[in-house]
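Next up, model-v6.cif (mmCIF, C-alpha atoms):
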```
data_coords
loop_
_atom_site.group_PDB
_atom_site.id
_atom_site.type_symbol
_atom_site.label_atom_id
_atom_site.label_comp_id
_atom_site.auth_asym_id
_atom_site.auth_seq_id
_atom_site.Cartn_x
_atom_site.Cartn_y
_atom_site.Cartn_z
ATOM 1 C CA MET A 14 5.225 -65.145 -62.880
ATOM 2 C CA LYS A 15 6.559 -66.202 -66.279
ATOM 3 C CA LEU A 16 3.703 -64.405 -68.013
ATOM 4 C CA LEU A 17 4.398 -61.240 -66.024
ATOM 5 C CA LYS A 18 8.058 -61.335 -67.029
ATOM 6 C CA GLU A 19 7.107 -61.747 -70.677
ATOM 7 C CA ILE A 20 4.662 -58.842 -70.483
ATOM 8 C CA LEU A 21 7.242 -56.702 -68.694
ATOM 9 C CA GLU A 22 9.796 -57.359 -71.453
ATOM 10 C CA THR A 23 7.409 -56.637 -74.325
ATOM 11 C CA TYR A 24 6.082 -53.523 -72.583
ATOM 12 C CA TYR A 25 9.619 -52.282 -71.911
ATOM 13 C CA ASN A 26 10.599 -52.829 -75.546
ATOM 14 C CA ALA A 27 7.532 -50.920 -76.728
ATOM 15 C CA VAL A 28 8.312 -48.001 -74.422
ATOM 16 C CA PHE A 29 12.000 -48.097 -75.353
ATOM 17 C CA ASP A 30 10.939 -47.818 -79.005
ATOM 18 C CA SER A 31 8.671 -44.872 -78.053
ATOM 19 C CA ASN A 32 5.688 -46.848 -79.351
ATOM 20 C CA ARG A 33 2.891 -45.576 -77.138
ATOM 21 C CA ASP A 34 0.090 -47.396 -78.988
ATOM 22 C CA LYS A 35 1.827 -50.761 -78.720
ATOM 23 C CA ALA A 36 2.554 -50.240 -75.022
ATOM 24 C CA VAL A 37 -1.093 -49.420 -74.287
ATOM 25 C CA GLU A 38 -2.265 -52.404 -76.330
ATOM 26 C CA ILE A 39 0.066 -54.702 -74.374
ATOM 27 C CA VAL A 40 -1.490 -53.457 -71.139
ATOM 28 C CA LYS A 41 -5.040 -53.972 -72.423
ATOM 29 C CA THR A 42 -4.214 -57.505 -73.531
ATOM 30 C CA ALA A 43 -2.599 -58.245 -70.172
ATOM 31 C CA VAL A 44 -5.720 -57.138 -68.296
ATOM 32 C CA ASP A 45 -7.903 -59.218 -70.645
ATOM 33 C CA ASN A 46 -5.703 -62.212 -69.824
ATOM 34 C CA GLY A 47 -6.279 -61.835 -66.112
ATOM 35 C CA ILE A 48 -3.306 -59.757 -65.013
ATOM 36 C CA LYS A 49 -4.413 -57.595 -62.094
ATOM 37 C CA PRO A 50 -4.332 -53.811 -62.527
ATOM 38 C CA GLU A 51 -2.186 -53.567 -59.394
ATOM 39 C CA GLU A 52 0.379 -55.872 -61.013
ATOM 40 C CA ILE A 53 0.340 -53.756 -64.162
ATOM 41 C CA VAL A 54 1.335 -50.670 -62.183
ATOM 42 C CA PHE A 55 3.732 -52.088 -59.598
ATOM 43 C CA LYS A 56 5.293 -54.992 -61.518
ATOM 44 C CA ILE A 57 5.346 -53.615 -65.066
ATOM 45 C CA VAL A 58 5.051 -49.822 -65.170
ATOM 46 C CA VAL A 59 7.295 -48.959 -62.209
ATOM 47 C CA PRO A 60 10.083 -51.449 -63.090
ATOM 48 C CA THR A 61 10.076 -50.113 -66.651
ATOM 49 C CA ILE A 62 10.612 -46.549 -65.439
ATOM 50 C CA GLU A 63 13.479 -47.649 -63.212
ATOM 51 C CA ARG A 64 15.090 -49.792 -65.902
ATOM 52 C CA LEU A 65 14.899 -47.068 -68.520
ATOM 53 C CA LEU A 66 16.459 -44.601 -66.103
ATOM 54 C CA THR A 67 19.349 -47.027 -65.600
ATOM 55 C CA ASP A 68 19.759 -47.343 -69.347
ATOM 56 C CA LEU A 69 19.719 -43.562 -69.647
ATOM 57 C CA THR A 70 22.179 -42.727 -66.882
ATOM 58 C CA GLU A 71 24.461 -45.745 -66.613
ATOM 59 C CA LYS A 72 24.408 -47.635 -69.889
ATOM 60 C CA GLN A 73 23.549 -44.544 -71.974
ATOM 61 C CA ASP A 74 21.352 -46.748 -74.151
ATOM 62 C CA ALA A 75 18.290 -44.512 -73.871
ATOM 63 C CA THR A 76 17.701 -40.862 -74.662
ATOM 64 C CA LEU A 77 15.946 -38.185 -72.634
ATOM 65 C CA ALA A 78 13.159 -38.204 -75.226
ATOM 66 C CA GLN A 79 12.634 -41.928 -74.614
ATOM 67 C CA HIS A 80 12.435 -41.298 -70.890
ATOM 68 C CA PHE A 81 9.860 -38.591 -71.562
ATOM 69 C CA ILE A 82 7.707 -40.972 -73.608
ATOM 70 C CA CYS A 83 8.082 -43.564 -70.847
ATOM 71 C CA SER A 84 6.851 -41.118 -68.215
ATOM 72 C CA LYS A 85 3.865 -40.090 -70.333
ATOM 73 C CA VAL A 86 2.828 -43.674 -71.049
ATOM 74 C CA SER A 87 3.409 -44.605 -67.407
ATOM 75 C CA ALA A 88 1.139 -41.814 -66.205
ATOM 76 C CA GLU A 89 -1.527 -42.733 -68.761
ATOM 77 C CA VAL A 90 -1.503 -46.418 -67.861
ATOM 78 C CA THR A 91 -1.455 -45.707 -64.130
ATOM 79 C CA ASP A 92 -4.421 -43.338 -64.406
ATOM 80 C CA ALA A 93 -6.335 -46.037 -66.320
ATOM 81 C CA MET A 94 -5.473 -48.838 -63.883
ATOM 82 C CA ILE A 95 -6.105 -47.128 -60.531
ATOM 83 C CA PRO A 96 -9.944 -47.131 -60.861
ATOM 84 C CA LEU A 97 -9.739 -50.894 -61.520
ATOM 85 C CA PHE A 98 -7.794 -51.730 -58.357
ATOM 86 C CA ALA A 99 -9.565 -54.292 -56.163
ATOM 87 C CA LYS A 100 -8.747 -52.164 -53.144
ATOM 88 C CA LYS A 101 -8.509 -48.421 -53.417
ATOM 89 C CA GLN A 102 -4.925 -47.318 -52.983
ATOM 90 C CA ALA A 103 -4.291 -44.350 -50.751
ATOM 91 C CA LYS A 104 -2.389 -41.545 -52.434
ATOM 92 C CA LYS A 105 1.038 -40.966 -50.930
ATOM 93 C CA GLY A 106 0.719 -37.209 -51.121
ATOM 94 C CA ARG A 107 -0.294 -34.218 -53.228
ATOM 95 C CA ILE A 108 2.470 -32.650 -55.306
ATOM 96 C CA LEU A 109 2.414 -29.351 -57.168
ATOM 97 C CA LEU A 110 4.905 -28.983 -60.029
ATOM 98 C CA GLY A 111 5.897 -26.120 -62.293
ATOM 99 C CA THR A 112 8.794 -24.480 -64.101
ATOM 100 C CA ALA A 113 10.155 -21.295 -62.530
ATOM 101 C CA MET A 114 9.162 -17.889 -63.851
ATOM 102 C CA GLY A 115 11.301 -16.850 -66.800
ATOM 103 C CA ASP A 116 11.973 -20.470 -67.766
ATOM 104 C CA PHE A 117 10.127 -22.168 -70.622
ATOM 105 C CA HIS A 118 11.584 -25.684 -70.392
ATOM 106 C CA GLY A 119 9.030 -28.310 -69.439
ATOM 107 C CA LEU A 120 10.457 -31.699 -70.445
ATOM 108 C CA GLY A 121 12.195 -32.599 -67.176
ATOM 109 C CA LYS A 122 9.172 -31.582 -65.131
ATOM 110 C CA LYS A 123 6.899 -33.838 -67.193
ATOM 111 C CA ILE A 124 9.230 -36.775 -66.674
ATOM 112 C CA VAL A 125 9.098 -36.206 -62.920
ATOM 113 C CA ALA A 126 5.294 -35.961 -63.027
ATOM 114 C CA GLY A 127 5.020 -39.315 -64.800
ATOM 115 C CA CYS A 128 7.313 -41.014 -62.298
ATOM 116 C CA LEU A 129 5.399 -39.591 -59.345
ATOM 117 C CA LYS A 130 2.019 -40.666 -60.737
ATOM 118 C CA ALA A 131 3.260 -44.199 -61.288
ATOM 119 C CA HIS A 132 4.291 -44.263 -57.630
ATOM 120 C CA MET A 133 0.800 -43.251 -56.469
ATOM 121 C CA PHE A 134 1.282 -39.536 -55.874
ATOM 122 C CA GLU A 135 -1.397 -37.043 -56.837
ATOM 123 C CA VAL A 136 0.274 -34.572 -59.194
ATOM 124 C CA HIS A 137 -0.841 -31.114 -60.328
ATOM 125 C CA ASP A 138 1.210 -29.470 -63.072
ATOM 126 C CA LEU A 139 1.097 -25.657 -63.317
ATOM 127 C CA GLY A 140 3.101 -25.628 -66.534
ATOM 128 C CA ILE A 141 5.991 -23.309 -67.403
ATOM 129 C CA ASN A 142 6.915 -19.715 -66.479
ATOM 130 C CA VAL A 143 5.134 -19.917 -63.122
ATOM 131 C CA ALA A 144 5.321 -16.999 -60.683
ATOM 132 C CA PRO A 145 6.153 -17.691 -57.010
ATOM 133 C CA GLU A 146 2.768 -16.338 -55.960
ATOM 134 C CA LYS A 147 0.971 -18.848 -58.160
ATOM 135 C CA PHE A 148 2.996 -21.732 -56.751
ATOM 136 C CA VAL A 149 2.099 -20.813 -53.193
ATOM 137 C CA ASP A 150 -1.503 -19.795 -53.840
ATOM 138 C CA GLU A 151 -2.229 -23.051 -55.674
ATOM 139 C CA ALA A 152 -0.414 -25.123 -53.072
ATOM 140 C CA VAL A 153 -2.641 -23.633 -50.378
ATOM 141 C CA ARG A 154 -5.783 -24.071 -52.455
ATOM 142 C CA LEU A 155 -4.992 -27.702 -53.243
ATOM 143 C CA ASP A 156 -3.591 -28.446 -49.785
ATOM 144 C CA ALA A 157 -0.389 -29.678 -51.414
ATOM 145 C CA ASP A 158 2.332 -31.405 -49.430
ATOM 146 C CA VAL A 159 5.189 -30.449 -51.742
ATOM 147 C CA ILE A 160 5.950 -27.730 -54.268
ATOM 148 C CA GLY A 161 8.379 -28.830 -56.974
ATOM 149 C CA VAL A 162 10.111 -26.037 -58.908
ATOM 150 C CA SER A 163 12.014 -26.917 -62.069
ATOM 151 C CA SER A 164 14.702 -24.662 -63.575
ATOM 152 C CA MET A 165 16.855 -25.361 -66.598
ATOM 153 C CA MET A 166 18.424 -21.903 -66.719
ATOM 154 C CA VAL A 167 20.809 -20.445 -64.145
ATOM 155 C CA HIS A 168 18.942 -17.146 -63.934
ATOM 156 C CA SER A 169 15.617 -18.872 -63.230
ATOM 157 C CA ALA A 170 17.215 -21.127 -60.621
ATOM 158 C CA ARG A 171 19.023 -18.343 -58.752
ATOM 159 C CA GLY A 172 16.583 -15.477 -59.292
ATOM 160 C CA GLU A 173 14.005 -14.174 -56.842
ATOM 161 C CA LYS A 174 11.221 -15.265 -59.201
ATOM 162 C CA GLY A 175 12.236 -18.899 -58.847
ATOM 163 C CA ALA A 176 12.485 -21.218 -55.853
ATOM 164 C CA ALA A 177 13.939 -18.442 -53.673
ATOM 165 C CA GLY A 178 10.776 -16.433 -54.222
ATOM 166 C CA VAL A 179 8.635 -19.437 -53.323
ATOM 167 C CA ARG A 180 10.620 -19.947 -50.125
ATOM 168 C CA LYS A 181 10.215 -16.275 -49.193
ATOM 169 C CA LEU A 182 6.445 -16.485 -49.570
ATOM 170 C CA LEU A 183 6.232 -19.740 -47.605
ATOM 171 C CA ARG A 184 8.150 -18.070 -44.807
ATOM 172 C CA GLU A 185 6.056 -14.896 -44.872
ATOM 173 C CA ARG A 186 2.809 -16.879 -44.806
ATOM 174 C CA ASP A 187 4.025 -19.236 -42.063
ATOM 175 C CA LEU A 188 3.698 -22.264 -44.349
ATOM 176 C CA GLU A 189 7.196 -23.729 -44.058
ATOM 177 C CA GLY A 190 6.169 -26.461 -41.664
ATOM 178 C CA ARG A 191 3.237 -27.446 -43.830
ATOM 179 C CA ILE A 192 4.589 -27.315 -47.411
ATOM 180 C CA LYS A 193 7.970 -28.667 -48.482
ATOM 181 C CA LEU A 194 9.971 -27.208 -51.377
ATOM 182 C CA VAL A 195 11.902 -29.417 -53.815
ATOM 183 C CA VAL A 196 13.870 -28.237 -56.850
ATOM 184 C CA GLY A 197 15.352 -29.849 -59.939
ATOM 185 C CA GLY A 198 17.053 -29.046 -63.210
ATOM 186 C CA ALA A 199 20.487 -28.589 -64.744
ATOM 187 C CA PRO A 200 21.761 -25.716 -62.533
ATOM 188 C CA TYR A 201 21.224 -27.815 -59.402
ATOM 189 C CA GLN A 202 23.095 -30.747 -60.895
ATOM 190 C CA PHE A 203 26.115 -28.567 -61.650
ATOM 191 C CA ASP A 204 26.074 -27.045 -58.154
ATOM 192 C CA HIS A 205 24.826 -29.458 -55.499
ATOM 193 C CA LYS A 206 24.727 -26.696 -52.886
ATOM 194 C CA LEU A 207 22.518 -24.421 -54.958
ATOM 195 C CA TYR A 208 19.308 -25.927 -53.586
ATOM 196 C CA GLU A 209 20.351 -24.772 -50.105
ATOM 197 C CA ILE A 210 21.196 -21.295 -51.398
ATOM 198 C CA VAL A 211 17.679 -20.828 -52.824
ATOM 199 C CA GLY A 212 16.078 -22.245 -49.674
ATOM 200 C CA ALA A 213 14.777 -25.582 -50.945
ATOM 201 C CA ASP A 214 14.407 -28.579 -48.669
ATOM 202 C CA ALA A 215 15.984 -30.886 -51.267
ATOM 203 C CA PHE A 216 16.826 -31.293 -54.929
ATOM 204 C CA ALA A 217 16.310 -34.293 -57.204
ATOM 205 C CA GLU A 218 18.545 -35.223 -60.112
ATOM 206 C CA ASN A 219 15.874 -37.236 -61.963
ATOM 207 C CA GLY A 220 12.358 -38.638 -61.748
ATOM 208 C CA ILE A 221 13.147 -41.712 -59.685
ATOM 209 C CA GLU A 222 15.265 -39.684 -57.280
ATOM 210 C CA ALA A 223 12.371 -37.219 -56.950
ATOM 211 C CA VAL A 224 10.089 -40.076 -55.913
ATOM 212 C CA LYS A 225 12.497 -41.223 -53.191
ATOM 213 C CA ILE A 226 13.087 -37.720 -51.874
ATOM 214 C CA ILE A 227 9.414 -36.791 -51.790
ATOM 215 C CA GLU A 228 8.499 -40.091 -50.128
ATOM 216 C CA ASN A 229 10.841 -39.089 -47.310
ATOM 217 C CA LEU A 230 9.445 -35.551 -47.088
ATOM 218 C CA VAL A 231 5.747 -36.420 -47.065
ATOM 219 C CA PRO A 232 4.499 -37.673 -43.674
#
```
Structure encoded using structure tokens:
Amino acid sequence: MKLLKEILETYYNAVFDSNRDKAVEIVKTAVDNGIKPEEIVFKIVVPTIERLLTDLTEKQDATLAQHFICSKVSAEVTDAMIPLFAKKQAKKGRILLGTAMGDFHGLGKKIVAGCLKAHMFEVHDLGINVAPEKFVDEAVRLDADVIGVSSMMVHSARGEKGAAGVRKLLRERDLEGRIKLVVGGAPYQFDHKLYEIVGADAFAENGIEAVKIIENLVP
């Protein structure tokens, strides 16, 4: 337990300093010293994400860029550890993410992707400027449980080429009971009712909140 706490602290400090190479090296050394891959993910990676989010939102000791680096490292480490698990972990669900059409901001979406991966979700990222048709077509092809649409601009959040367009297609194709729609981004944080206006099932303010919301939406 003491060793795990020490590793957690050194890993957190490396991530806080945005030192990806040091963080990865700490993980490799931990595994070499007998720390189980499952412990790396659930007792080091996940607590680090949650702690950094607290520092970002409550203490204001961390920046959004640091949280981005944390999510990237978390996803990388998780992807490396999962094949080493003694018992194969079942994925919690398949999530499709993308930034709404007309919007070219991808940072928040990548943070969410990293958080979801660390919590054992299968994540597919369509990138930025994604049309509603592509969201729905890919969700059907991949048999996704949730479509996550990110918007940092008001016009992309409210427009018919954003989440509202995705909802319309889900309704037209009789997919509403099968695929849930979650949104995120600045416009939704300024107007907490906006997600209902565009027809989403929920909105998430950050990566950890997205994990909790999607865990409740996925059967």
Between atom CA of A:Ser87 and atom CA of A:Val149, what distance in Å does the model show, to one decimal?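 Computing it gives 27.7 Å between the two atoms.
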Nearby residues (only C-alpha atoms) at most 10 Å from A:Met94, same-chain spacing under 6 positions excluded, as a ChimeraX atom specification: /A:40-41,44,49-54,88
Written as a PyMOL selection string, which residues does the PyMOL selection byres ((chain A and resi 230) around 10) give for the file shown? chain A and resi 106+158-159+192-195+214-215+224-229+231-232
Atom pair atom CA of A:Leu65 / atom CA of A:Gly119: separation (Å):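 Rounded to one decimal, the two atoms are 19.7 Å apart.
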List every protein, DNA or RNA residue that has an atom no more than 12 Å from (17.3, -16.9, -53.9) in the file's coordinate frame, counting all atoms listed in the file, and report them as a PyMOL selection string. chain A and resi 145+167-182+207-213
So, with only C-alpha atoms as the atoms that count, which of A:Gly198, A:Thr76, A:Asn46, A:Glu189 lies closest to A:His118?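 That would be A:Gly198, the residue with the smallest distance to A:His118.
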Result set, the PyMOL selection byres ((chain A and resi 121) around 12) on current file, as an MDAnalysis selection string: chainID A and resid 77:82 84:85 110:112 117:120 122:128 140:141 161:165 196:199 217:221 223
Kindly indicate which residue among A:Asn142, A:Gln73, A:Thr42, A:Thr91 lies nearest to A:Thr23, using all atoms listed in the file for the distances.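 Smallest separation from A:Thr23 among the options: A:Thr42.
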Interatomic distance, atom CA of A:Ile57 to atom CA of A:Lys15 (Å, one decimal):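 Pair atom CA of A:Ile57 / atom CA of A:Lys15 returns 12.7 Å.
Selection around (14.5, -47.1, -73.7) with radius 9 Å, counting all atoms listed in the file, yields the residues Tyr25, Asn26, Ala27, Val28, Phe29, Asp30, Ser31, Thr61, Arg64, Leu65, Leu66, Asp68, Leu69, Asp74, Ala75, Thr76, Gln79, His80 and Cys83 of chain A.
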Padding 8 Å on every side, please: axis-aligned box over the listed atoms of stretch 46-63 of chain A, centre and edge lengths to one decimal in Å, as AutoDock Vina command-line options.
```
--center_x 3.6 --center_y -54.4 --center_z -64.6 --size_x 35.8 --size_y 31.7 --size_z 26.4
```
